[in-house]
>>> print(open('structure_15.csv').read())   # CSV, C-alpha atoms
chain,number,residue,atom,x,y,z
P,135,MET,CA,-9.1,-15.9,-5.2
P,136,SER,CA,-9.6,-18.6,-7.7
P,137,ASP,CA,-11.4,-16.3,-10.1
P,138,VAL,CA,-8.1,-14.7,-10.9
P,139,ASN,CA,-7.0,-17.8,-12.8
P,140,ASP,CA,-10.2,-18.5,-14.6
P,141,THR,CA,-9.8,-18.2,-18.3
P,142,ASP,CA,-11.7,-15.1,-19.3
P,143,MET,CA,-13.8,-15.7,-22.3
P,144,ASN,CA,-15.7,-12.4,-22.2
P,145,ASP,CA,-13.1,-10.7,-24.3
P,146,ASP,CA,-15.4,-9.1,-27.0
P,147,GLY,CA,-14.4,-5.7,-28.1
P,148,LEU,CA,-10.8,-6.2,-27.2
P,149,SER,CA,-10.0,-8.4,-30.2
P,150,GLY,CA,-8.3,-7.2,-33.3
P,151,GLU,CA,-5.0,-6.1,-32.1
P,152,GLU,CA,-3.7,-9.5,-31.3
P,153,ASP,CA,-4.3,-12.6,-33.3
P,154,TRP,CA,-4.2,-15.7,-31.1
P,155,GLY,CA,-7.3,-17.1,-29.5
P,156,ASP,CA,-7.8,-18.0,-25.9
P,157,GLU,CA,-7.1,-21.7,-26.6
P,158,GLU,CA,-3.5,-20.8,-27.7
P,159,PHE,CA,-2.8,-18.4,-24.9
P,160,ASP,CA,-2.8,-19.3,-21.2
P,161,ALA,CA,-3.0,-16.0,-19.5
P,162,GLY,CA,-2.9,-17.7,-16.1
P,163,LEU,CA,0.4,-19.2,-16.9
P,164,LEU,CA,2.0,-15.9,-17.9
P,165,GLU,CA,0.5,-14.3,-14.8
P,166,GLU,CA,2.0,-17.0,-12.7
P,167,GLU,CA,5.4,-16.4,-14.3
P,168,LEU,CA,5.1,-12.7,-13.4
P,169,ARG,CA,4.2,-13.7,-9.9
P,170,GLN,CA,7.4,-15.7,-9.5
P,171,ALA,CA,9.4,-13.0,-11.1
P,172,ALA,CA,8.0,-10.4,-8.6
P,173,ALA,CA,8.8,-12.7,-5.7
P,174,VAL,CA,12.5,-12.8,-6.9
P,175,LEU,CA,12.9,-9.3,-8.3
P,176,ASP,CA,10.7,-7.1,-6.1
P,177,PRO,CA,9.7,-8.9,-2.9
P,178,VAL,CA,8.5,-7.1,0.2
P,179,PRO,CA,11.7,-6.0,2.0
P,180,ALA,CA,12.1,-8.2,5.1
P,181,GLU,CA,12.7,-5.3,7.4
P,182,LEU,CA,9.6,-3.6,6.2
P,183,GLN,CA,7.5,-6.7,6.8
P,184,GLN,CA,8.9,-7.0,10.3
P,185,ILE,CA,7.7,-3.4,11.0
P,186,ALA,CA,4.2,-4.5,10.0
P,187,VAL,CA,4.5,-7.5,12.4
P,188,ASP,CA,5.6,-5.2,15.2
P,189,ALA,CA,2.7,-2.8,14.4
P,190,TYR,CA,0.5,-5.1,16.4
P,191,ALA,CA,1.6,-3.2,19.4
P,192,LEU,CA,-0.3,-0.2,18.0
P,193,HIS,CA,-3.6,-2.0,18.6
P,194,ASP,CA,-4.8,0.1,21.5
P,195,LEU,CA,-8.1,-1.0,23.0
P,196,ASP,CA,-8.2,1.9,25.5
P,197,ALA,CA,-8.0,4.7,23.0
P,198,ARG,CA,-10.7,6.0,20.8
P,199,VAL,CA,-9.7,6.6,17.2
P,200,ALA,CA,-10.1,10.1,15.9
P,201,GLU,CA,-10.8,9.7,12.2
P,202,LEU,CA,-9.4,12.0,9.6
P,203,THR,CA,-12.3,14.2,8.4
P,204,PHE,CA,-10.3,16.9,6.5
P,205,ASP,CA,-7.0,16.7,4.7
P,206,SER,CA,-5.9,19.8,2.7
P,207,LEU,CA,-4.0,17.5,0.4
P,208,VAL,CA,-7.2,16.0,-0.7
P,209,ASP,CA,-10.0,18.4,0.3
P,210,ALA,CA,-8.6,21.8,-0.4
P,211,LEU,CA,-8.0,23.5,-3.8
P,212,PRO,CA,-4.4,24.2,-4.4
P,213,VAL,CA,-3.4,27.8,-4.0
P,214,ARG,CA,-1.9,29.1,-7.2
P,215,GLY,CA,1.7,29.9,-7.0
P,216,ALA,CA,1.9,29.1,-3.3
P,217,THR,CA,4.7,26.9,-2.2
P,218,ASP,CA,5.3,25.3,1.2
P,219,VAL,CA,1.6,25.6,2.1
P,220,PRO,CA,1.0,24.0,5.5
P,221,ARG,CA,-0.9,20.7,5.6
P,222,MET,CA,-4.2,21.2,7.4
P,223,LEU,CA,-5.7,18.2,9.1
P,224,THR,CA,-8.9,17.7,11.1
P,225,PHE,CA,-9.5,14.6,13.2
P,226,ARG,CA,-12.8,13.8,15.0
P,227,ALA,CA,-13.7,11.3,17.7
P,228,GLY,CA,-17.2,11.8,18.9
P,229,GLU,CA,-17.5,15.4,20.3
P,230,VAL,CA,-13.7,15.9,20.3
P,231,THR,CA,-12.1,17.6,17.3
P,232,VAL,CA,-8.4,18.0,16.8
P,233,ASP,CA,-7.2,20.5,14.2
P,234,VAL,CA,-3.5,20.2,13.2
P,235,GLU,CA,-1.3,22.2,10.9
P,236,VAL,CA,1.9,20.5,9.7
P,237,THR,CA,4.7,22.7,8.5
P,238,ALA,CA,8.3,22.2,7.7
P,239,ARG,CA,9.2,23.3,11.2
P,240,GLY,CA,6.8,21.2,13.1
P,241,LEU,CA,3.2,21.3,14.0
P,242,MET,CA,0.6,23.4,15.8
P,243,GLY,CA,-2.9,22.6,16.6
P,244,GLN,CA,-6.0,22.9,18.8
P,245,VAL,CA,-8.2,20.5,20.7
P,246,LEU,CA,-11.9,21.4,20.6
P,247,PRO,CA,-13.9,21.9,22.8
P,248,PRO,CA,-11.0,23.8,24.3
P,249,GLN,CA,-9.3,21.8,27.1
P,250,PRO,CA,-5.9,21.1,28.5
P,251,ALA,CA,-4.4,17.8,27.2
P,252,ARG,CA,-1.2,15.8,27.2
P,253,ILE,CA,-0.2,15.0,23.6
P,254,GLU,CA,2.3,12.4,22.4
P,255,VAL,CA,3.6,12.4,18.9
P,256,LEU,CA,3.8,8.8,17.8
P,257,GLY,CA,6.1,8.1,14.9
P,258,GLY,CA,7.6,4.7,14.2
P,259,PRO,CA,10.7,4.0,16.1
P,260,ARG,CA,11.2,7.5,17.5
P,261,PRO,CA,10.4,8.1,21.1
P,262,GLY,CA,7.2,10.0,21.6
P,263,SER,CA,7.8,13.7,22.4
P,264,PRO,CA,5.2,14.9,24.8
P,265,LEU,CA,3.4,18.2,24.1
P,266,THR,CA,1.0,20.1,26.3
P,267,ALA,CA,-2.2,21.7,25.1
P,268,ASP,CA,-3.1,24.9,27.2
P,269,ASP,CA,-6.5,25.8,28.6
P,270,LEU,CA,-7.6,26.9,25.1
P,271,GLY,CA,-6.6,23.5,23.7
P,272,ARG,CA,-3.7,25.0,21.8
P,273,PHE,CA,-0.5,23.1,21.3
P,274,THR,CA,2.7,23.4,19.3
P,275,GLY,CA,5.6,21.1,18.5
P,276,ASP,CA,8.9,22.2,17.0
P,277,VAL,CA,10.2,18.9,15.8
P,278,PRO,CA,9.5,18.4,12.1
P,279,LEU,CA,7.4,15.4,11.3
P,280,SER,CA,8.5,12.8,8.8
P,281,GLY,CA,7.1,9.5,7.9
P,282,PRO,CA,4.0,8.0,9.4
P,283,PHE,CA,2.7,9.7,12.6
P,284,ALA,CA,-0.2,9.8,14.9
P,285,LEU,CA,-1.1,12.0,17.9
P,286,ARG,CA,-2.1,10.4,21.2
P,287,LEU,CA,-4.2,12.8,23.4
P,288,ARG,CA,-5.0,12.3,27.0
P,289,ALA,CA,-7.6,14.8,28.3
P,290,GLY,CA,-8.9,13.8,31.7
P,291,GLU,CA,-9.9,10.2,31.5
P,292,ASP,CA,-10.3,10.3,27.8
P,293,VAL,CA,-7.6,8.9,25.5
P,294,VAL,CA,-7.9,9.6,21.8
P,295,VAL,CA,-5.4,8.6,19.0
P,296,THR,CA,-5.6,10.2,15.6
P,297,GLU,CA,-5.6,8.0,12.5
P,298,TRP,CA,-2.1,7.2,11.3
P,299,LEU,CA,-1.1,9.4,8.5
P,300,ARG,CA,2.0,10.0,6.4
P,301,ALA,CA,3.3,13.5,7.1
H,290,MET,CA,-6.0,-14.7,1.3
H,291,ASP,CA,-9.4,-16.3,1.5
H,292,ARG,CA,-12.2,-14.1,2.9
H,293,THR,CA,-13.1,-16.7,5.6
H,294,ASP,CA,-9.5,-17.0,6.7
H,295,ALA,CA,-9.0,-13.2,6.7
H,296,GLY,CA,-12.1,-12.7,8.7
H,297,ALA,CA,-11.1,-15.3,11.3
H,298,LEU,CA,-7.6,-13.9,11.6
H,299,VAL,CA,-8.8,-10.3,12.0
H,300,GLN,CA,-11.2,-11.5,14.7
H,301,ALA,CA,-8.5,-13.5,16.5
H,302,ALA,CA,-5.9,-10.6,16.3
H,303,ALA,CA,-8.4,-8.2,17.6
H,304,ASP,CA,-9.0,-10.6,20.5
H,305,GLY,CA,-5.3,-10.5,21.4
H,306,ASP,CA,-3.8,-13.3,19.2
H,307,ALA,CA,-0.4,-12.0,18.0
H,308,GLY,CA,0.1,-15.1,15.9
H,309,ALA,CA,-3.0,-14.3,14.0
H,310,TRP,CA,-1.7,-10.8,13.3
H,311,LYS,CA,1.5,-12.2,12.1
H,312,ALA,CA,-0.4,-14.5,9.7
H,313,LEU,CA,-2.3,-11.6,8.4
H,314,VAL,CA,0.9,-9.7,7.8
H,315,GLU,CA,2.4,-12.6,6.0
H,316,GLY,CA,-0.7,-13.2,3.9
H,317,LEU,CA,-1.5,-9.7,2.9
H,318,SER,CA,1.9,-8.0,3.0
H,319,PRO,CA,2.7,-8.8,-0.7
H,320,LEU,CA,-0.7,-7.3,-1.7
H,321,VAL,CA,0.0,-4.0,0.1
H,322,TRP,CA,3.6,-3.9,-1.4
H,323,SER,CA,2.2,-4.6,-4.9
H,324,VAL,CA,-0.3,-1.7,-4.6
H,325,VAL,CA,2.5,0.6,-3.5
H,326,ARG,CA,4.8,-0.6,-6.3
H,327,ALA,CA,2.1,-0.2,-8.8
H,328,HIS,CA,2.0,3.5,-8.1
H,329,ARG,CA,5.7,3.9,-8.8
H,330,LEU,CA,6.6,5.9,-5.6
H,331,SER,CA,10.2,6.5,-4.6
H,332,ASP,CA,11.6,3.8,-2.3
H,333,ALA,CA,11.3,6.0,0.7
H,334,ASP,CA,7.7,7.0,0.0
H,335,ALA,CA,6.9,3.4,-0.8
H,336,HIS,CA,8.2,2.2,2.6
H,337,GLU,CA,6.3,5.0,4.4
H,338,VAL,CA,3.0,4.2,2.6
H,339,TYR,CA,3.3,0.5,3.3
H,340,GLN,CA,3.9,1.3,7.0
H,341,THR,CA,1.1,3.8,7.2
H,342,ALA,CA,-1.3,1.2,5.8
H,343,TRP,CA,-0.3,-1.4,8.4
H,344,PHE,CA,-0.2,1.1,11.3
H,345,ARG,CA,-3.7,2.2,10.5
H,346,PHE,CA,-4.9,-1.4,10.0
H,347,ALA,CA,-3.5,-2.3,13.5
H,348,GLN,CA,-5.2,0.8,14.9
H,349,HIS,CA,-8.6,-0.1,13.4
H,350,LEU,CA,-8.5,-3.8,14.3
H,351,GLY,CA,-11.7,-4.8,15.9
H,352,ARG,CA,-13.4,-1.8,14.4
H,353,ILE,CA,-13.3,-3.0,10.8
H,354,ARG,CA,-16.8,-3.5,9.6
H,355,GLU,CA,-16.2,-6.4,7.3
H,356,PRO,CA,-13.2,-8.3,8.6
H,357,GLY,CA,-13.3,-10.7,5.6
H,358,LYS,CA,-12.5,-7.8,3.4
H,359,ALA,CA,-9.2,-7.0,5.2
H,360,GLY,CA,-7.3,-7.3,1.9
H,361,ALA,CA,-9.5,-4.7,0.2
H,362,TRP,CA,-9.3,-2.5,3.3
H,363,LEU,CA,-5.5,-2.5,3.2
H,364,ALA,CA,-5.3,-2.2,-0.6
H,365,SER,CA,-7.7,0.8,-0.6
H,366,THR,CA,-5.8,2.5,2.3
H,367,ALA,CA,-2.5,2.0,0.5
H,368,ARG,CA,-4.0,3.4,-2.7
H,369,HIS,CA,-5.3,6.5,-1.1
H,370,GLU,CA,-1.9,7.2,0.6
H,371,CYS,CA,-0.2,6.6,-2.7
H,372,LEU,CA,-2.4,9.1,-4.4
H,373,LYS,CA,-1.7,11.7,-1.6
H,374,VAL,CA,2.0,11.2,-2.1
H,375,ILE,CA,1.6,11.7,-5.9
H,376,ARG,CA,-0.5,14.7,-5.3
H,377,ASN,CA,1.9,16.2,-2.8
H,378,SER,CA,5.0,15.8,-4.8
H,379,GLN,CA,3.3,16.7,-8.2
H,380,ARG,CA,6.3,15.1,-9.9
H,381,LEU,CA,5.5,11.5,-10.4
H,382,THR,CA,8.4,9.8,-12.1
H,383,LEU,CA,7.2,7.8,-15.0
H,384,THR,CA,10.6,6.7,-16.2
H,385,ASP,CA,11.7,3.2,-15.6
H,386,ASP,CA,13.6,2.4,-12.5
H,387,PRO,CA,16.9,0.9,-13.7
H,388,ARG,CA,17.6,-0.6,-10.3
H,389,LEU,CA,14.7,-2.9,-10.7
H,390,LEU,CA,15.9,-4.0,-14.2
H,391,ASP,CA,19.3,-4.6,-12.9
H,392,ARG,CA,18.3,-6.5,-9.8
H,393,VAL,CA,18.9,-9.9,-11.3
H,394,SER,CA,22.6,-9.2,-11.6
H,395,GLU,CA,22.9,-8.2,-8.0
H,396,ASP,CA,24.1,-10.5,-5.3
H,397,GLY,CA,22.6,-11.2,-2.0
H,398,THR,CA,19.2,-12.8,-1.8
H,399,PRO,CA,18.9,-16.5,-1.4
H,400,GLU,CA,16.8,-16.6,-4.6
H,401,GLN,CA,19.7,-15.0,-6.3
H,402,SER,CA,22.1,-17.8,-5.5
H,403,LEU,CA,19.6,-20.2,-6.9
H,404,LEU,CA,19.6,-18.3,-10.1
H,405,ASP,CA,23.3,-18.2,-10.2
H,406,SER,CA,23.8,-21.8,-11.0
H,407,GLU,CA,24.8,-22.4,-14.6
H,408,GLU,CA,21.8,-24.4,-15.7
H,409,ALA,CA,19.5,-21.7,-14.3
H,410,ALA,CA,21.2,-19.0,-16.3
H,411,ALA,CA,18.8,-19.3,-19.2
H,412,GLN,CA,15.9,-19.2,-16.8
H,413,SER,CA,17.3,-16.1,-15.1
H,414,GLU,CA,17.7,-14.4,-18.5
H,415,ARG,CA,14.1,-15.2,-19.3
H,416,VAL,CA,12.9,-13.7,-15.9
H,417,ARG,CA,14.9,-10.6,-16.6
H,418,ARG,CA,13.4,-10.1,-20.0
H,419,LEU,CA,9.9,-10.8,-18.7
H,420,TRP,CA,10.4,-8.2,-16.1
H,421,GLN,CA,11.8,-5.7,-18.5
H,422,GLU,CA,9.0,-6.1,-20.9
H,423,PHE,CA,6.5,-5.8,-18.1
H,424,GLU,CA,8.1,-2.5,-16.9
H,425,GLU,CA,7.8,-1.1,-20.4
H,426,LEU,CA,4.1,-1.8,-20.8
H,427,GLY,CA,1.7,1.2,-20.7
H,428,GLU,CA,1.0,2.6,-17.3
H,429,ARG,CA,-2.5,1.1,-17.0
H,430,CYS,CA,-1.3,-2.4,-17.8
H,431,ARG,CA,1.8,-2.1,-15.7
H,432,GLN,CA,-0.3,-1.0,-12.7
H,433,LEU,CA,-2.9,-3.8,-13.1
H,434,LEU,CA,-0.3,-6.6,-13.6
H,435,ARG,CA,1.8,-5.4,-10.7
H,436,VAL,CA,-1.2,-5.8,-8.3
H,437,LEU,CA,-2.3,-9.1,-9.9
H,438,MET,CA,1.1,-10.6,-9.4
H,439,ALA,CA,0.9,-10.4,-5.6
H,440,THR,CA,1.3,-13.7,-3.7
H,441,PRO,CA,-1.2,-15.2,-3.1
H,442,PRO,CA,-3.2,-14.0,-6.1
H,443,PRO,CA,-5.5,-11.2,-4.9
H,444,SER,CA,-9.3,-11.4,-5.5
H,445,TYR,CA,-10.8,-9.0,-8.0
H,446,GLN,CA,-12.4,-7.1,-5.1
H,447,ASP,CA,-8.9,-6.5,-3.7
H,448,VAL,CA,-7.6,-5.4,-7.1
H,449,SER,CA,-10.6,-3.1,-7.5
H,450,ALA,CA,-9.9,-1.5,-4.1
H,451,ALA,CA,-6.2,-1.2,-5.0
H,452,LEU,CA,-6.6,0.6,-8.2
H,453,GLY,CA,-10.1,2.1,-8.1
H,454,ILE,CA,-11.4,0.3,-11.1
H,455,ALA,CA,-14.6,-1.6,-11.4
H,456,VAL,CA,-14.5,-5.3,-10.6
H,457,GLY,CA,-16.2,-6.1,-13.9
H,458,SER,CA,-13.5,-4.5,-16.0
H,459,ILE,CA,-10.6,-6.3,-14.4
H,460,GLY,CA,-11.0,-9.6,-16.3
H,461,PRO,CA,-11.0,-8.2,-19.8
H,462,LEU,CA,-8.3,-5.7,-19.0
H,463,ARG,CA,-6.1,-8.4,-17.5
H,464,GLN,CA,-6.5,-10.5,-20.6
H,465,ARG,CA,-5.6,-7.7,-22.8
H,466,CYS,CA,-2.6,-6.7,-20.8
H,467,LEU,CA,-1.2,-10.2,-20.6
H,468,ARG,CA,-1.7,-10.5,-24.3
H,469,ARG,CA,0.2,-7.4,-24.9
H,470,LEU,CA,3.0,-8.6,-22.7
H,471,ARG,CA,3.0,-11.9,-24.5
H,472,ALA,CA,3.2,-10.1,-27.8
H,473,ARG,CA,6.2,-8.0,-26.7
H,474,LEU,CA,8.0,-11.1,-25.5
H,475,GLU,CA,7.4,-12.9,-28.8
H,476,ALA,CA,8.6,-9.9,-30.7
H,477,ARG,CA,11.8,-10.2,-28.8
H,478,GLY,CA,12.0,-13.9,-29.4
H,479,ALA,CA,11.8,-14.5,-25.7
H,480,MET,CA,8.9,-17.0,-25.7
>>> encode(input="structure_15.csv", output="structure tokens")
Amino acid sequence: MSDVNDTDMNDDGLSGEEDWGDEEFDAGLLEEELRQAAAVLDPVPAELQQIAVDAYALHDLDARVAELTFDSLVDALPVRGATDVPRMLTFRAGEVTVDVEVTARGLMGQVLPPQPARIEVLGGPRPGSPLTADDLGRFTGDVPLSGPFALRLRAGEDVVVTEWLRA
Amino acid sequence: MDRTDAGALVQAAADGDAGAWKALVEGLSPLVWSVVRAHRLSDADAHEVYQTAWFRFAQHLGRIREPGKAGAWLASTARHECLKVIRNSQRLTLTDDPRLLDRVSEDGTPEQSLLDSEEAAAQSERVRRLWQEFEELGERCRQLLRVLMATPPPSYQDVSAALGIAVGSIGPLRQRCLRRLRARLEARGAM
């Protein structure tokens, strides 16, 4: 932490556009002024910080976390001219894979290997809406997702929660 | 937040200590918020990215490989979510947010009532100018300074994770950006 306020003397190559030397200019002081200005003008909204405090409840020791291994926003090439392309996501926890397609109308997906499962859509303050995956592992939800969400799957004894994502 | 502190708090929170979690939130929340603000998202997107970072952090508690680097973990997660928002919307607004510039003249916060007293008026004007000049810096400098001004000051490792720039380039870039800001303030007779 303290290195932030050290005076940086290794400034070669950046000189020329401003005239004063380091001895006349206390960068740390100006940065501290900015810090105070930010605390007044752009602080963390209190209600937002409270949501982060409350997020401790999401710490779930019983569930395995299915990590995001594919996100079409990042991993797929954009389709030229296509609008309203569904967001394709793949999560993986061990041998269990969950493919999800998020559209404006809701979501559909499949659990692999194919198996029936109970699926809860977690999303901030909204109550989880339970979905059911059929024998082939397929499931659909017709409530549009917005904001941060995660899927909690219960298949037999196994509980898997997908990594939180922003829809 | 100190690495030793962060590591101990992450460990305690993972073991069930809600107070430790609260301390983590209080210590690292301004960093996460700064990262989000540095990327100039809309307020709604900013709030969602901030929440997503904390939800995921809570979810991964106890599985984080280097608990001492919790700040960098959060900063990096927030950055990646910001980049997704930008990529998804494809219309990053680069114009200044006038609401931020006007905020000093709004009522409400306790800090504001402090600023309202008459002897503080000059100071308030100075803060307003400082913020305005900061907002008008080039994008790279604005981003870096917005992250650096988190409370407590982030480590260079955290800043590196927040912005995807090499640790070694942060010091010189910081110096350069603060000089630029200083020059702008002097040009306006505000120093």
>>> closest_residue(input="structure_15.csv", among="H:Ala297, H:Val416, H:Ala409, H:Cys430", to="chain P", atoms="all atoms listed in the file")
H:Val416
>>> closest_atom_pairs(input="structure_15.csv", of="chain H", to="chain P", cutoff="8 Å", atoms="only C-alpha atoms", output="tab-separated table")
residue	atom	partner	partner_atom	distance
H:Met290	CA	P:Met135	CA	7.3
H:Asp291	CA	P:Met135	CA	6.7
H:Ala303	CA	P:His193	CA	7.9
H:Ala307	CA	P:Tyr190	CA	7.1
H:Trp310	CA	P:Tyr190	CA	6.9
H:Lys311	CA	P:Val187	CA	5.6
H:Val314	CA	P:Val187	CA	6.2
H:Glu315	CA	P:Gln183	CA	7.8
H:Ser318	CA	P:Gln183	CA	6.9
H:Pro319	CA	P:Val178	CA	6.1
H:Trp322	CA	P:Val178	CA	6.1
H:His336	CA	P:Leu182	CA	7.0
H:Glu337	CA	P:Gly281	CA	5.8
H:Val338	CA	P:Arg300	CA	7.0
H:Gln340	CA	P:Ala186	CA	6.5
H:Thr341	CA	P:Pro282	CA	5.6
H:Trp343	CA	P:Ala186	CA	5.7
H:Phe344	CA	P:Ala189	CA	5.8
H:Arg345	CA	P:Trp298	CA	5.3
H:Ala347	CA	P:His193	CA	5.1
H:Gln348	CA	P:His193	CA	4.9
H:His349	CA	P:His193	CA	7.5
H:Leu350	CA	P:His193	CA	6.8
H:Glu370	CA	P:Arg300	CA	7.5
H:Lys373	CA	P:Leu207	CA	6.6
H:Arg376	CA	P:Leu207	CA	7.3
H:Asn377	CA	P:Leu207	CA	6.8
H:Leu389	CA	P:Leu175	CA	7.1
H:Arg392	CA	P:Leu175	CA	6.3
H:Val393	CA	P:Leu175	CA	6.7
H:Glu400	CA	P:Val174	CA	6.2
H:Gln401	CA	P:Val174	CA	7.6
H:Val416	CA	P:Ala171	CA	6.0
H:Leu419	CA	P:Leu168	CA	7.4
H:Trp420	CA	P:Ala171	CA	7.0
H:Leu434	CA	P:Glu165	CA	7.8
H:Leu437	CA	P:Glu165	CA	7.7
H:Met438	CA	P:Arg169	CA	4.4
H:Ala439	CA	P:Arg169	CA	6.3
H:Thr440	CA	P:Arg169	CA	6.8
H:Pro442	CA	P:Met135	CA	6.3
H:Pro443	CA	P:Met135	CA	5.9
H:Ser444	CA	P:Met135	CA	4.5
H:Tyr445	CA	P:Val138	CA	6.9
H:Gly460	CA	P:Asp142	CA	6.3
H:Pro461	CA	P:Asp145	CA	5.6
H:Gln464	CA	P:Ala161	CA	6.6
H:Arg465	CA	P:Leu148	CA	7.0
H:Leu467	CA	P:Ala161	CA	6.2
H:Arg468	CA	P:Glu152	CA	7.3
H:Arg469	CA	P:Glu152	CA	7.8
H:Arg471	CA	P:Leu164	CA	7.8
H:Ala472	CA	P:Glu152	CA	7.8
>>> write_last_selection(input="structure_15.csv", atoms="C-alpha atoms", output="PDB file, in the coordinates of the input")
ATOM      1  CA  MET H 290      -6.000 -14.700   1.300  1.00  0.00           C
ATOM      2  CA  ASP H 291      -9.400 -16.300   1.500  1.00  0.00           C
ATOM      3  CA  ALA H 303      -8.400  -8.200  17.600  1.00  0.00           C
ATOM      4  CA  ALA H 307      -0.400 -12.000  18.000  1.00  0.00           C
ATOM      5  CA  TRP H 310      -1.700 -10.800  13.300  1.00  0.00           C
ATOM      6  CA  LYS H 311       1.500 -12.200  12.100  1.00  0.00           C
ATOM      7  CA  VAL H 314       0.900  -9.700   7.800  1.00  0.00           C
ATOM      8  CA  GLU H 315       2.400 -12.600   6.000  1.00  0.00           C
ATOM      9  CA  SER H 318       1.900  -8.000   3.000  1.00  0.00           C
ATOM     10  CA  PRO H 319       2.700  -8.800  -0.700  1.00  0.00           C
ATOM     11  CA  TRP H 322       3.600  -3.900  -1.400  1.00  0.00           C
ATOM     12  CA  HIS H 336       8.200   2.200   2.600  1.00  0.00           C
ATOM     13  CA  GLU H 337       6.300   5.000   4.400  1.00  0.00           C
ATOM     14  CA  VAL H 338       3.000   4.200   2.600  1.00  0.00           C
ATOM     15  CA  GLN H 340       3.900   1.300   7.000  1.00  0.00           C
ATOM     16  CA  THR H 341       1.100   3.800   7.200  1.00  0.00           C
ATOM     17  CA  TRP H 343      -0.300  -1.400   8.400  1.00  0.00           C
ATOM     18  CA  PHE H 344      -0.200   1.100  11.300  1.00  0.00           C
ATOM     19  CA  ARG H 345      -3.700   2.200  10.500  1.00  0.00           C
ATOM     20  CA  ALA H 347      -3.500  -2.300  13.500  1.00  0.00           C
ATOM     21  CA  GLN H 348      -5.200   0.800  14.900  1.00  0.00           C
ATOM     22  CA  HIS H 349      -8.600  -0.100  13.400  1.00  0.00           C
ATOM     23  CA  LEU H 350      -8.500  -3.800  14.300  1.00  0.00           C
ATOM     24  CA  GLU H 370      -1.900   7.200   0.600  1.00  0.00           C
ATOM     25  CA  LYS H 373      -1.700  11.700  -1.600  1.00  0.00           C
ATOM     26  CA  ARG H 376      -0.500  14.700  -5.300  1.00  0.00           C
ATOM     27  CA  ASN H 377       1.900  16.200  -2.800  1.00  0.00           C
ATOM     28  CA  LEU H 389      14.700  -2.900 -10.700  1.00  0.00           C
ATOM     29  CA  ARG H 392      18.300  -6.500  -9.800  1.00  0.00           C
ATOM     30  CA  VAL H 393      18.900  -9.900 -11.300  1.00  0.00           C
ATOM     31  CA  GLU H 400      16.800 -16.600  -4.600  1.00  0.00           C
ATOM     32  CA  GLN H 401      19.700 -15.000  -6.300  1.00  0.00           C
ATOM     33  CA  VAL H 416      12.900 -13.700 -15.900  1.00  0.00           C
ATOM     34  CA  LEU H 419       9.900 -10.800 -18.700  1.00  0.00           C
ATOM     35  CA  TRP H 420      10.400  -8.200 -16.100  1.00  0.00           C
ATOM     36  CA  LEU H 434      -0.300  -6.600 -13.600  1.00  0.00           C
ATOM     37  CA  LEU H 437      -2.300  -9.100  -9.900  1.00  0.00           C
ATOM     38  CA  MET H 438       1.100 -10.600  -9.400  1.00  0.00           C
ATOM     39  CA  ALA H 439       0.900 -10.400  -5.600  1.00  0.00           C
ATOM     40  CA  THR H 440       1.300 -13.700  -3.700  1.00  0.00           C
ATOM     41  CA  PRO H 442      -3.200 -14.000  -6.100  1.00  0.00           C
ATOM     42  CA  PRO H 443      -5.500 -11.200  -4.900  1.00  0.00           C
ATOM     43  CA  SER H 444      -9.300 -11.400  -5.500  1.00  0.00           C
ATOM     44  CA  TYR H 445     -10.800  -9.000  -8.000  1.00  0.00           C
ATOM     45  CA  GLY H 460     -11.000  -9.600 -16.300  1.00  0.00           C
ATOM     46  CA  PRO H 461     -11.000  -8.200 -19.800  1.00  0.00           C
ATOM     47  CA  GLN H 464      -6.500 -10.500 -20.600  1.00  0.00           C
ATOM     48  CA  ARG H 465      -5.600  -7.700 -22.800  1.00  0.00           C
ATOM     49  CA  LEU H 467      -1.200 -10.200 -20.600  1.00  0.00           C
ATOM     50  CA  ARG H 468      -1.700 -10.500 -24.300  1.00  0.00           C
ATOM     51  CA  ARG H 469       0.200  -7.400 -24.900  1.00  0.00           C
ATOM     52  CA  ARG H 471       3.000 -11.900 -24.500  1.00  0.00           C
ATOM     53  CA  ALA H 472       3.200 -10.100 -27.800  1.00  0.00           C
TER      54      ALA H 472
END
>>> closest_residue(input="structure_15.csv", among="H:Ala335, H:Leu363, H:Ile353, H:Leu470", to="Arg418 of chain H", atoms="only C-alpha atoms")
H:Leu470
>>> residues_around(input="structure_15.csv", residues="segment 226-233 of chain P", least_positions_apart="3", cutoff="6 Å", atoms="all atoms listed in the file", output="JSON, numbers by chain")
{"P": [200, 201, 223, 243, 244, 245, 246]}
>>> atom_distance(input="structure_15.csv", atom1="atom CA of Gly457 of chain H", atom2="atom CA of Phe423 of chain H")
23.1 Å
>>> closest_residue(input="structure_15.csv", among="H:Gln421, H:Ser365, H:Asp306, H:Lys358", to="Leu452 of chain H", atoms="all atoms listed in the file")
H:Ser365
>>> residues_around(input="structure_15.csv", residues="Pro220 of chain P", least_positions_apart="4", cutoff="12 Å", atoms="all atoms listed in the file", output="list in words")
Asp205, Ser206, Leu207, Ala210, Pro212, Val213, Ala216, Val234, Glu235, Val236, Thr237, Ala238, Arg239, Gly240, Leu241, Met242, Gly243 and Ala301 of chain P; Asn377 of chain H
>>> atom_distance(input="structure_15.csv", atom1="atom CA of Leu265 of chain P", atom2="atom CA of Phe204 of chain P")
22.3 Å
>>> residues_around(input="structure_15.csv", residues="segment 323-325 of chain H", least_positions_apart="2", cutoff="8 Å", atoms="only C-alpha atoms", output="list in words")
Pro319, Leu320, Val321, Ala327, His328, Arg329, Leu330, Ala335, Val338, Tyr339, Ala364, Ala367, Arg368, Cys371, Arg435, Val436, Met438, Ala439, Ala451 and Leu452 of chain H
